[in-house]
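Trainee: Please see the structure below; I have some questions.
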Amino acid sequence: MNATITYRTGSYYSETDTANHIWEISDEQGIASELYVSISDAEVMQIETREDRRGEGLARQLWDAANAQLGIVYHSLPAHRTPEGEAFASAVGGESVTECHIDSCDCTDIIDDDPYGY
Ligand SMILES: [Zn+2]
């Protein structure tokens, strides 16, 4: 059964200066699943499904809606994924961004082919 997906744009939680596409599935208890994608880079910023609604494919429905609307959505760099984001990325597949979009981040060191400097 397909849940009803709502779409809006907005900031990432308490931040006021970020612009995201936001797809959400709600139920009587509030947000059941949510997907935040940065407007600037079409990069996944947040994917979260409430514990009692996991295993229903809600996140995948949000992912499909996002891809249908934007054409393509990118997973964040592996170094920036939460465990849930990592599980999500391997479950749904798809492309990942190829560079970090966070200011003053040292993750380029993490993905360096030559991490030990040899
Ligand atoms: Zn980074």
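Residues in the structure tokens are numbered from 1 in each chain, the chains being A, B, ... in the order shown, and ligands are numbered from 1 in the order shown.
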Per residue of chain A within 6 Å of ligand 1, note the shortest atom pair and the distance in Å to one decimal, counting only C-alpha atoms and all ligand atoms, and order the rows by chain and increasing residue number, as JSON lines.

Mentor:
```
{"residue": "A:Cys100", "atom": "CA", "partner": "ligand 1", "partner_atom_place_in_ligand_line": "1 (Zn)", "distance": 4.4}
{"residue": "A:Ile102", "atom": "CA", "partner": "ligand 1", "partner_atom_place_in_ligand_line": "1 (Zn)", "distance": 5.4}
{"residue": "A:Cys105", "atom": "CA", "partner": "ligand 1", "partner_atom_place_in_ligand_line": "1 (Zn)", "distance": 4.5}
{"residue": "A:Asp106", "atom": "CA", "partner": "ligand 1", "partner_atom_place_in_ligand_line": "1 (Zn)", "distance": 5.9}
{"residue": "A:Cys107", "atom": "CA", "partner": "ligand 1", "partner_atom_place_in_ligand_line": "1 (Zn)", "distance": 4.2}
```

Trainee: Run DSSP on the backbone and tell me which residues of range 54-108 of chain A come out as helix (DSSP H, G or I); list them as a PyMOL selection string.

Mentor: chain A and resi 58-70+78-80+83-92+107-108

Trainee: Pull C-alpha atoms from the residues just selected and write them as a CSV table (one decimal), in the first residue's frame.

Mentor:
```csv
chain,number,residue,atom,x,y,z
A,58,LEU,CA,8.4,4.1,3.5
A,59,ALA,CA,11.9,5.5,2.9
A,60,ARG,CA,12.0,3.8,-0.5
A,61,GLN,CA,8.7,5.4,-1.4
A,62,LEU,CA,10.2,8.8,-0.5
A,63,TRP,CA,13.3,8.1,-2.5
A,64,ASP,CA,11.3,7.1,-5.5
A,65,ALA,CA,9.2,10.3,-5.2
A,66,ALA,CA,12.3,12.4,-4.9
A,67,ASN,CA,13.9,10.8,-8.0
A,68,ALA,CA,10.7,11.2,-9.9
A,69,GLN,CA,10.5,14.9,-9.1
A,70,LEU,CA,14.2,15.8,-9.4
A,78,PRO,CA,30.0,7.4,2.6
A,79,ALA,CA,32.0,9.3,5.2
A,80,HIS,CA,29.0,11.5,6.0
A,83,PRO,CA,24.4,4.0,9.9
A,84,GLU,CA,20.8,4.4,8.8
A,85,GLY,CA,21.8,6.4,5.8
A,86,GLU,CA,24.4,3.8,4.9
A,87,ALA,CA,21.8,1.0,5.1
A,88,PHE,CA,19.4,3.1,3.0
A,89,ALA,CA,22.0,3.8,0.3
A,90,SER,CA,22.8,0.1,-0.1
A,91,ALA,CA,19.1,-0.8,-0.1
A,92,VAL,CA,18.0,1.6,-2.8
A,107,CYS,CA,36.6,14.1,4.8
A,108,THR,CA,38.7,14.5,1.7
```

Trainee: Which residues are close to Leu77 in chain A, i.e. within 8 Å by only C-alpha atoms, leaving aside same-chain residues fewer than 3 positions away? Reply as a PDB file with C-alpha atoms, in the first residue's frame.

Mentor:
```
ATOM      1  CA  HIS A  80      29.004  11.482   5.996  1.00  0.00           C
ATOM      2  CA  ARG A  81      26.329   8.799   6.196  1.00  0.00           C
ATOM      3  CA  SER A  96      26.468   9.268  -4.694  1.00  0.00           C
ATOM      4  CA  VAL A  97      27.936  12.734  -4.780  1.00  0.00           C
ATOM      5  CA  THR A  98      31.596  12.765  -5.762  1.00  0.00           C
ATOM      6  CA  GLU A  99      32.733  15.652  -3.607  1.00  0.00           C
ATOM      7  CA  CYS A 100      32.063  17.039  -0.181  1.00  0.00           C
TER       8      CYS A 100
END
```

Trainee: Apply DSSP to the backbone of this structure and, from range 24-84 of chain A, keep only the residues in strand (DSSP E); write these as a ChimeraX atom specification.

Mentor: /A:24-27,30-38,44-49

Trainee: Which is closest to Thr9 in chain A among A:Glu28, A:Ser38, A:Thr49, A:His101, if we use only C-alpha atoms?

Mentor: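 Comparing A:Glu28, A:Ser38, A:Thr49, A:His101 against Thr9 in chain A, the winner is A:Ser38.
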
Trainee: Please identify all polymer residues within 8 Å of Ile5 in chain A, counting only C-alpha atoms, omitting same-chain residues fewer than 5 positions from it, and present them as a list in words.

Mentor: Trp23, Glu24, Ile25, Ser26 and Leu62 of chain A

Trainee: Which is closer to Ser40 in chain A than all the others in A:Ser104, A:Ser14, A:Ser76, A:Asn20, using only C-alpha atoms?

Mentor: A:Asn20

Trainee: Could you please determine the separation between CA of Ile72 in chain A and CA of Thr6 in chain A in Å, to one decimal place?

Mentor: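 Distance reported for this atom pair: 18.4 Å.
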
Trainee: CA of Gly94 in chain A and CA of Tyr74 in chain A, how far apart in Å?

Mentor: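 Separation between CA of Tyr74 in chain A and CA of Gly94 in chain A: 7.1 Å.
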
Trainee: Using only C-alpha atoms for the distances, tell me which of A:Ile31, A:Gly57, A:Glu15, A:Thr82 is nearest to Val44 in chain A.

Mentor: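 Distance minimum relative to Val44 in chain A lands on A:Thr82.
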
Trainee: What's the separation between CA of Met45 in chain A and CA of Gly93 in chain A, in Å to one decimal place?

Mentor: 16.0 Å

Trainee: Which residue gives the smallest distance to Ser33 in chain A among A:His75, A:Arg53, A:Arg8, A:His21, with only C-alpha atoms counted?

Mentor: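 Among the listed residues, the smallest separation from Ser33 in chain A belongs to A:Arg53.
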